[in-house]
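Undergrad: Mind having a look at this structure? Questions to follow.
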Amino acid sequence: MALTRRLTVVNDPVKKGFVMKVAFASSDNHHIDQHFGWAEKFAIWEVQMDQARFSGMVQVEAAGDGVEDKIQTRVDALMDCSIVYVNQIGGPAAAKLVAQKIHPLKSKGEETISQVVEKLQQVLQGNPPPWLRKAMLKDERPA
């Protein structure tokens with residue numbers, strides 16, 4: 001049996017439209033330093049073109065030794081996210097995320113969460129690629 005804990009920060013609601021939840025596999029809530037399949041915590045941020053904020057934390061633990069259980073537990077816990085930043089991710093895990101319309105991205109080196117959020121906002125303010133435009137509207141699309 002899988003155990004998932006979710007901490008949600010209570011904030012004023014964000015405006016609809018170009019907003020997405022982004023998860024970061026992090027051991028310290030500052031660096032993107034965890035492999036997707038081994039990460040125990042994901043920092044969740046709500047990112048828009050002109051603002052971003054920490055919105056909560058997801059802690060996951062899969063009971064059992066099966067790799068499939070570990071991967072599926074993490075995918076299920078991040079279903080409301082559009083993007084997941086990790087240090088590393090295996091092909092099967094990436095495919096499961098993509099099948100749920102969650103885009104896995106590998107961090108480049110020693111990037112911090114705040115640096116990545118800032119870069120994302122810069123791309124959103126310019127001409128984002130099609131996959132990112134779809135990610136921004138994930139919650140607005142029919143299931």
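Residue numbering restarts at 1 in every chain; chains get A, B, ... in the order shown in the structure tokens, and ligands count up from 1 in that same order.
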Counting only C-alpha atoms, give me one row per residue of stretch 63-115 of chain A with an atom at most 12 Å from an atom of stretch 43-54 of chain A, showing the shortest contact pair and its distance in Å to one decimal, sorted by chain then residue number, as CSV.
TA:
```
residue,atom,partner,partner_atom,distance
A:Ala77,CA,A:Ile44,CA,11.1
A:Leu78,CA,A:Ile44,CA,9.0
A:Met79,CA,A:Ile44,CA,11.6
A:Asp80,CA,A:Ile44,CA,9.9
A:Cys81,CA,A:Ile44,CA,8.1
A:Ser82,CA,A:Glu46,CA,9.9
A:Ile83,CA,A:Ile44,CA,9.9
A:Val84,CA,A:Ile44,CA,9.1
A:Tyr85,CA,A:Ala43,CA,9.9
A:Val86,CA,A:Ala43,CA,11.0
A:Thr112,CA,A:Ala43,CA,11.8
A:Ile113,CA,A:Ala43,CA,8.8
A:Ser114,CA,A:Ala52,CA,9.4
A:Gln115,CA,A:Ala52,CA,11.8
```
Undergrad: I need the residues from that last selection saved to file as an mmCIF file, in the first residue's frame (with N, CA and C atoms), if you can.
TA:
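As written to disk, result_25.cif reads:
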```cif
data_model
loop_
_atom_site.group_PDB
_atom_site.id
_atom_site.type_symbol
_atom_site.label_atom_id
_atom_site.label_comp_id
_atom_site.auth_asym_id
_atom_site.auth_seq_id
_atom_site.Cartn_x
_atom_site.Cartn_y
_atom_site.Cartn_z
ATOM 1 N N ALA A 77 0.525 10.833 -7.316
ATOM 2 C CA ALA A 77 0.634 11.965 -6.393
ATOM 3 C C ALA A 77 0.801 13.298 -7.116
ATOM 4 N N LEU A 78 1.258 13.262 -8.373
ATOM 5 C CA LEU A 78 1.556 14.493 -9.111
ATOM 6 C C LEU A 78 0.567 14.754 -10.252
ATOM 7 N N MET A 79 -0.584 14.121 -10.207
ATOM 8 C CA MET A 79 -1.547 14.215 -11.301
ATOM 9 C C MET A 79 -2.002 15.642 -11.613
ATOM 10 N N ASP A 80 -1.989 16.534 -10.643
ATOM 11 C CA ASP A 80 -2.449 17.901 -10.907
ATOM 12 C C ASP A 80 -1.319 18.807 -11.396
ATOM 13 N N CYS A 81 -0.130 18.246 -11.585
ATOM 14 C CA CYS A 81 1.007 19.030 -12.077
ATOM 15 C C CYS A 81 1.105 18.928 -13.597
ATOM 16 N N SER A 82 1.678 19.965 -14.185
ATOM 17 C CA SER A 82 1.892 19.993 -15.632
ATOM 18 C C SER A 82 3.317 19.602 -16.001
ATOM 19 N N ILE A 83 4.253 19.921 -15.119
ATOM 20 C CA ILE A 83 5.676 19.657 -15.357
ATOM 21 C C ILE A 83 6.280 19.089 -14.076
ATOM 22 N N VAL A 84 7.216 18.157 -14.233
ATOM 23 C CA VAL A 84 7.979 17.635 -13.102
ATOM 24 C C VAL A 84 9.459 17.756 -13.444
ATOM 25 N N TYR A 85 10.178 18.528 -12.656
ATOM 26 C CA TYR A 85 11.627 18.664 -12.812
ATOM 27 C C TYR A 85 12.308 17.662 -11.898
ATOM 28 N N VAL A 86 13.286 16.941 -12.459
ATOM 29 C CA VAL A 86 14.027 15.932 -11.712
ATOM 30 C C VAL A 86 15.507 16.031 -12.053
ATOM 31 N N THR A 112 18.795 25.815 -8.990
ATOM 32 C CA THR A 112 17.881 25.854 -7.852
ATOM 33 C C THR A 112 16.453 25.968 -8.384
ATOM 34 N N ILE A 113 15.509 25.666 -7.532
ATOM 35 C CA ILE A 113 14.101 25.773 -7.911
ATOM 36 C C ILE A 113 13.777 27.205 -8.322
ATOM 37 N N SER A 114 14.236 28.171 -7.560
ATOM 38 C CA SER A 114 13.921 29.567 -7.886
ATOM 39 C C SER A 114 14.506 29.978 -9.229
ATOM 40 N N GLN A 115 15.688 29.493 -9.582
ATOM 41 C CA GLN A 115 16.271 29.802 -10.886
ATOM 42 C C GLN A 115 15.418 29.218 -12.019
#
```
Undergrad: Give me, as a PyMOL selection string, the residues of stretch 86-130 of chain A that a backbone DSSP run labels strand (DSSP E or B).
TA: chain A and resi 86+88+103-106+112
Undergrad: Might you pull out every residue within 12 Å of A:His103, with only C-alpha atoms counted and same-chain residues fewer than 3 positions away left off, and present them as a VMD selection string?
TA: chain A and resid 20 to 24 75 78 to 86 89 93 to 100 106 131 to 136 138
Undergrad: Atom CA of A:Lys108 to atom CA of A:Asn87: how many Å, to one decimal?
TA: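 Separating atom CA of A:Lys108 from atom CA of A:Asn87 is a distance of 7.9 Å.
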Undergrad: Assign secondary structure with DSSP using the backbone only, and return the residues of stretch 13-80 of chain A in helix (DSSP H, G or I) as a list in words.
TA: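 Helix (DSSP H, G or I) members of stretch 13-80 of chain A, listed: Val67, Glu68, Asp69, Lys70, Ile71, Gln72, Thr73, Arg74, Val75, Asp76 and Ala77 of chain A.
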Undergrad: Kindly export the residues of the current selection with N, CA and C atoms, as an mmCIF file, in the first residue's frame.
TA:
```
data_model
loop_
_atom_site.group_PDB
_atom_site.id
_atom_site.type_symbol
_atom_site.label_atom_id
_atom_site.label_comp_id
_atom_site.auth_asym_id
_atom_site.auth_seq_id
_atom_site.Cartn_x
_atom_site.Cartn_y
_atom_site.Cartn_z
ATOM 1 N N VAL A 67 9.345 -1.775 -8.490
ATOM 2 C CA VAL A 67 9.644 -0.521 -9.172
ATOM 3 C C VAL A 67 8.365 0.100 -9.700
ATOM 4 N N GLU A 68 7.475 -0.733 -10.238
ATOM 5 C CA GLU A 68 6.201 -0.228 -10.765
ATOM 6 C C GLU A 68 5.393 0.480 -9.685
ATOM 7 N N ASP A 69 5.376 -0.069 -8.472
ATOM 8 C CA ASP A 69 4.656 0.565 -7.359
ATOM 9 C C ASP A 69 5.245 1.932 -7.049
ATOM 10 N N LYS A 70 6.570 2.018 -7.017
ATOM 11 C CA LYS A 70 7.235 3.291 -6.707
ATOM 12 C C LYS A 70 6.908 4.338 -7.761
ATOM 13 N N ILE A 71 6.993 3.953 -9.013
ATOM 14 C CA ILE A 71 6.730 4.903 -10.102
ATOM 15 C C ILE A 71 5.273 5.337 -10.096
ATOM 16 N N GLN A 72 4.358 4.382 -10.017
ATOM 17 C CA GLN A 72 2.936 4.713 -10.082
ATOM 18 C C GLN A 72 2.496 5.574 -8.899
ATOM 19 N N THR A 73 3.050 5.326 -7.729
ATOM 20 C CA THR A 73 2.735 6.142 -6.559
ATOM 21 C C THR A 73 3.105 7.600 -6.815
ATOM 22 N N ARG A 74 4.256 7.826 -7.405
ATOM 23 C CA ARG A 74 4.700 9.190 -7.685
ATOM 24 C C ARG A 74 3.864 9.842 -8.786
ATOM 25 N N VAL A 75 3.560 9.098 -9.822
ATOM 26 C CA VAL A 75 2.707 9.628 -10.904
ATOM 27 C C VAL A 75 1.343 10.023 -10.339
ATOM 28 N N ASP A 76 0.739 9.148 -9.548
ATOM 29 C CA ASP A 76 -0.577 9.438 -8.966
ATOM 30 C C ASP A 76 -0.540 10.678 -8.070
ATOM 31 N N ALA A 77 0.525 10.833 -7.316
ATOM 32 C CA ALA A 77 0.634 11.965 -6.393
ATOM 33 C C ALA A 77 0.801 13.298 -7.116
#
```
Undergrad: Distance atom CA of A:Leu105-atom CA of A:Gln34, one decimal place?
TA: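 Distance reported for this atom pair: 12.2 Å.
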Undergrad: Between atom CA of A:Glu110 and atom CA of A:His30, what is the distance, to one decimal in Å?
TA: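 Atom-to-atom, atom CA of A:Glu110 to atom CA of A:His30, that is 10.4 Å.
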Undergrad: Choose the residue, out of A:Pro130, A:Gly90, A:Gly109, A:Pro104, that has the smallest atom-to-atom separation from A:Trp38; count only C-alpha atoms.
TA: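 Using only C-alpha atoms, A:Trp38 sits closest to A:Gly90.
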